[in-house]
Every structure is written in structure tokens, then in C-alpha cells.
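Novice: The structure that follows is given in the form of C-alpha cells.
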Amino acid sequence: MSRRSRVAALVCAALLLSVLEGCQTRAKGVPVEPDLTGVSIVVWDADQPAAPGAPAYRAEAARVVRDFCARYKVDVDLQFIDRQSIVDFLSGRKSGEGPALAFSTEWPLVPEAARDAGPYLVQGGYLDAAIDYWRQDGRTLAIPSYVHWLCAGSRVKPAGETGETGAAMPERTVYLSGSPGFLRSVLDLPGAGWDAGVVASFLSWVKAEYGALEPDPLGAWSEGSAEVLYPVTPFLLTWMKSAAKGEVEPLPLRNPFGEARFCYTVPGYMVLAANGLERECATRLGKELAANLGRWAARAVGGMPALADDMAVFNIESHLGYPARLALLSSLTGHRFRAPSAQEFLLHESIEEALSPVAADFLSGKTGEGDLLSSIQDILERHTRP
Amino acid sequence: MRFHFKGALALLVILASSSLPPASGGASPGEVPMFLALDEPLEPLFPSVVPMRRHDVYDLKVRLKDLGFYSGPLDDSYDPACVDAVKRFQVGYWLDADGTVEFSTWRALAHGVARPEKPAIGPPPEGVLSIEVDTQKLGLTLMVDGKPWRTYPIAAGKWEAMTPVGEWRIIDKGYRAGGPFGSRWMALDVPWGGYGIHGTNMPWTIGGYFSVGCIRMFNEDVEEIFEMIPYGTLVVVKGYRPQLDFTKPIGPGSRLPEVVALQQALRANGFDAGRCDGVYGTVTAAKVRDVASTYGLPYGKHLVRDVLRVLGVK
């Protein structure tokens, strides 16, 4: 072989090697796919409601897991656990053997054991707000699935009655004062906080704006005596549509600060496995389950998939009108909500539980403003005392 | 010809014992549990100054009317007109015409009512056995791995005492020498009352709504399935159900038909709480909270009310 041919052969070999290396690297810092054969993990997921236009969730999740197991030759024990048990485990309220991968539920918290999934998530592949929800100290502590927004649900009067085409005409508003989103949608905003004064002024504002607490808000909506219900999750909005005789649109939540905005959480999948190969397996499966749930949520209830590539599903199959979709997307700019730590979550949950009867008594007129602030102060002091 | 007294006595003993059912392995021979006996009264009917009132009097009157002995109203009162009809019937069947309705009179009333002829069957195919009862179609189907194998006609509960809809398990079994439970009985774990599947001494009621909730079968049919059905077999009852009252308190510990409806709705909406057994236990409670969490509902005293509403249960 001539000298020129030898040099050419060496150059070709070098080029070929570098191309092969590039093909194996998926994103900056992500290692080559390891061999997961024989790895066995437990996954905790949760049931989702049956929804017209969307397949049964359990079957879909089982299919994703089955395909994953066949592809990687792993063993996955997919368990459907009730949300309370998931939260009890993640928050540390109950101990025991946990899974390698767990669904966060729609009201997430960040457990101490959550692993950084950031290196596995393609940069720019997810909605910024979805990533930021789970980002702490530079780490992304769950794989985001979809944006689970909170809003007010409002009947839309048919064109002709209002003079404007399909404009939402809120009249009587009823509210779910014991709902998980009722206080959090205001107290988690910038400039608010879990402060007695803020809570008391919020409750006073609700009573002044919307009147006394309705004993049966869902009943009032079903019977048609209420025009607006809040706070509403995507699932409850779906129920409102089926119960109403007409169209229902999501509206941003008004608050005492003069704003109106959609609030949100970002359910996702948390990797809890410490071991290298189990963690690898859990993370890869977590991405697939998160994407599957995101698409399912878009079809079933109009949730916004966290994966940017799946926004087409939201736009085409969510059954939300263009103005609503635009408003929801716009709500992701500005203030970014973030997942609370386990400690914060437990604290806020216990405060909410203690505040709920106090709020209900005030909103229904059994107690006055004079008692309200002192009751709230007592509760907050009891819960935040070191 | 010499009369062999001892031989005749022995023959009588043999004949008498052959009419008794074989003893079952592990079940109390002929003993029906008290809670089940409330459904089918075991005592005779007899004339009294104040007429006896029992639900089987209705069944009796139906049969006497069919036979042409009675033309009065069909109700549960063993009134003088019905007593008179019974006496005339007893005369025609060479029974003591005293108006007391017990074993022999019931047996005579059933004369001529036979189960429709069916070909003999062998054991069921391999698989998990379960039973499905449809009170609208009045049929009991033996299922193997969820597929129908054989269907039998039944009598179900009358309108004011319907057979409970739900998913039950067979918790007790036994043999019986005739009477209102027929030749076999199988008790169900319905938490609010005594219900079961059993034979009958009133075969003319099969194909109608006559019992106080139990599922009656021809004796030949219940005998056919009795040995195949193990303890713990799942029995799914579907069909007519009475008006449910969701205004009553429903919560942990409740054992109600309304809880069955809640459990069925949970399953239909993607939150399977397991067997729809009418017991609001920890699994049902967890699934109710699951729904509340998903829909953002308050966990307060109206939790079940709100969950029922979003699940579409009226």
C-alpha cells in the first residue's frame, strides 16, 4: 500500500470513529446508553379519571412500561398507589420501602431523596416553566409531565345575549374554600406568603367580592344557579362542562392584589433510586411515562404537556379554544411557581387543615372579622413555633 | 309365606336413609344459618284468629290461584279465604285438610312443576369459576375465566325486597332435606342482611320476583352447581336496584347499597376500589380521597357528596 493510501485510510478511520462517538452522545453530558439488562425496579403511579376522547390511563401506562421492558430487557413492577399513600411516603410521614420512580401527584412536593434528572432532559426540549417548577440549586428534581393549571370555570353566554360573540359573563361566583388550591393560589404568589394578615385580607376580599360561602358549590353549578366556580383544576373543569348546559371556559383567578392569573403546578415523575443502574432505568422510564401522561392529560382535560414537541397535541386535541390556550400559555411567563420542599408542603398542609373550619365559619357569616385575624394568628403561631 | 319382620324393618330403615341427602364434607348437614333463615321462613303456616302475615303466603296464593283453588287478592295475609283454599287443595291431594301448610303440603303444591329438561353436563372446563346473576333476565350464569358457561333460571327478590346488586363471595354452604331452602344453600357476604343462593320447595316461583332478596333455583340446578362452587367464589349480581338515598351519611364503616353504587362509579371512572362489596373500608376511602385530590375538592364533611357528584352518581 502506498504512503498516500495509508494516510487516507488513517484519516477515514479517524473520521468514522468521531462520527460514531457523536451518534452515541444524545445531549451534552449524557453518557452512552448503558446495558440495563436484568435491572428490576418498582414504579409508583396513580389512577387518572376516565375521560371521553382519551384512552384508559392504566392501560396506556402499562403499555409504555411493557414496551420499555421489552426494549431494555428489564423488569418493572408498575403499581397504582392512591395519592395519599404516595404523599405520605414522599413527605416522610410514613416510612417503608419505596419505589425507584414515583408520580408526584397533582399537588407535588420535593422529597429529600429526589435525584437530579437534569442531565437526562434535552435542553430546550421542555417548557421553561415546567423545568423551573422542579429546579432547585441547579438540579431538576423531577421529570415534568404537564402543566396542571388552576383557574375559575365560567359559563359562556351564547352569542346574542351579550352582544359580543361568546364572551364570558361572570355573575354569581361560588368557591371551594376547602380546596387545596384555594389558599395556595394566593399565598404562593410573590409578595404574599403564609402570613396571618395576608390570609385574613384574602378571606375578607373573597367574602366582599363573591358573597357568603355556598354550602354546596358543585350543586349550585349543577343546578345552574352559579355562573362561575373557583378554584378549578383541569379535571373539575371537565366535569363542569358535562354538568353545564352550554359552554364553559377557563378564566384566570382574580386576587386581592388586583391581578388575574392562571396558577399551576407541574406533576411529574421523581427518581428516587440511589443505585446507578436502577437510577438510570428509572430515569429513562420516567421520561417516557411523563411524556405519556402529558399527552394523555392534553387529550383528556386540556393539560399542557411539558414536552415542547407535544404542544401540537395540546393545540389540536385539547378541545380548548384558541383564546383559552393562548391565555394559559401566557400565564407561564412572569412569576414562576415552584414545587415546595417536603417540609414546606407538610407545614402548609397542616395550616390549611387548621384554617379550613375557621375560614368556613367566617365566609358563611358565623364569625366576624374581629375574630378572624386572631384565630388565624393563633393557628400560624402554633404551626410555625420552633 | 312367612313375614320377615326384621327384614322389613331393615328395608324400611334403608329406604328412609336413602331419601336423606348425603353428608357434605365440612358443612353442617341441613343447618341453615340464622341470618339466612330470616329470608325463607322454616316454620309451618297455620290458621289463626289473627291471620299470619308472611311473604311466602304471597307465593302460596299465586300457586293456589294457578291451580284454581283461590281467587282472592294476592298478598301476604294467611286469611280465611286462603285457609279454605288450602284445605280444599289438601283434600284433593289426600293430605290432612287442616289448613296447616308444612313440608308435605308444599311438596304437593310443587307437584307438576318441573325444571325444563336439560342435557346432563360434565364438570366445567379448567379455569376460575365465578357466578353472574342478572335479576332483569332472571338468570344465573356460571362463568369460567370470565366467559359464560351455563345459565340457569332463577327467582329473585320482589320489588319491595330486591336482590342486592353488588359483588359478593360465597361464605358458607350446606345441604338441606327440602323445605323453603330446597336441597342446597350457599350464603353470600352481603353486609347489611342475610342473602344466599338456594333451592326451593316452591318451584313455580322460578322465573319471577318472589323472594325477599335471595336467589332461588330449581333444586336440580342448585345441586348441579353446588359441588363445583368452592367457598369464596365471586358472585356478581346486576340488574334492578331500589331507589338509593345518597342523603344519608356515607363514610368510613358504612355498609350500604349506596356504597356499592359509589364503588361501581369509582371503577367506571378509573379509580378501581376492588370488589364492590358495599363496605366503605380503607381501600374505598383511599380512592375517594384520590378522586378528591385529582379534582381539587375539599376533604371536609361533604367529601363523599362532592365525589359522588363529580363521578356522576345521582
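Residues are named by chain letter and number: chains run A, B, ... in the order of the C-alpha cells, numbers start at 1 in each chain, and ligands are numbered from 1 in the order shown.
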Taking the chain letters and numbering used in this document, name the residues of region 145-280 of chain B that DSSP puts in alpha helix (DSSP H), as an MDAnalysis selection string.

Specialist: chainID B and resid 219:226 257:268

Novice: Env of region 285-298 of chain B: 7 Å cut, atoms = only C-alpha atoms, seq-sep filter 3 positions within chain, self excluded. Answer as a count of residues only.

Specialist: 20

Novice: Closest to chain B among A:Gly118, A:Pro357, A:Pro256, A:Gly365, using only C-alpha atoms?

Specialist: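 Closest residue, counting only C-alpha atoms: A:Pro357.
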
Novice: Determine, counting only C-alpha atoms, which protein, DNA and RNA residues have an atom within 8 Å of an atom of Glu249 (chain A); residues of the same chain fewer than 2 positions away are not included. Present the result as a tab-separated table (two decimals) with C-alpha atoms, in the first residue's frame.

Specialist:
```tsv
chain	number	residue	atom	x	y	z
A	153	GLY	CA	-64.58	27.96	35.36
A	154	SER	CA	-67.22	30.19	33.84
A	155	ARG	CA	-70.35	29.63	31.78
A	156	VAL	CA	-70.21	31.34	28.41
A	168	ALA	CA	-67.74	35.02	29.33
A	247	GLU	CA	-70.00	26.12	27.00
A	251	LEU	CA	-60.77	32.19	33.39
A	324	ALA	CA	-58.06	29.88	26.29
```

Novice: Counting only C-alpha atoms, which of A:Pro190, A:Gly321, A:Pro215, A:Gly96 gets nearest to Gly302 (chain A)?

Specialist: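 Under the stated criterion, the closest residue is A:Gly321.
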
Novice: Please, which residues of chain A lie no more than 10 Å from chain B when the count uses only C-alpha atoms, and can they be set out as a PyMOL selection string?

Specialist: chain A and resi 46-51+56-58+80-85+105-107+150+176-182+215-219+222+231-240+242-243+353+356-357

Novice: Please return as a ChimeraX atom specification: the residues of region 210-242 of chain B that backbone DSSP assigns to strand (DSSP E or B).

Specialist: /B:210-211,215-216,234-238

Novice: Create the file for the chosen residues now, containing C-alpha atoms and written as a short mmCIF file (atom, residue, chain, number, x, y, z; two decimals), in the first residue's frame.

Specialist:
```
data_model
loop_
_atom_site.label_atom_id
_atom_site.label_comp_id
_atom_site.auth_asym_id
_atom_site.auth_seq_id
_atom_site.Cartn_x
_atom_site.Cartn_y
_atom_site.Cartn_z
CA PHE B 210 -90.87 -13.81 44.78
CA SER B 211 -88.14 -13.98 47.37
CA ILE B 215 -81.74 -16.18 44.68
CA ARG B 216 -83.90 -19.27 44.28
CA LEU B 234 -67.27 -14.49 43.40
CA VAL B 235 -70.96 -13.84 42.76
CA VAL B 236 -71.71 -10.71 40.73
CA VAL B 237 -75.31 -9.57 40.96
CA LYS B 238 -76.52 -6.99 38.50
#
```
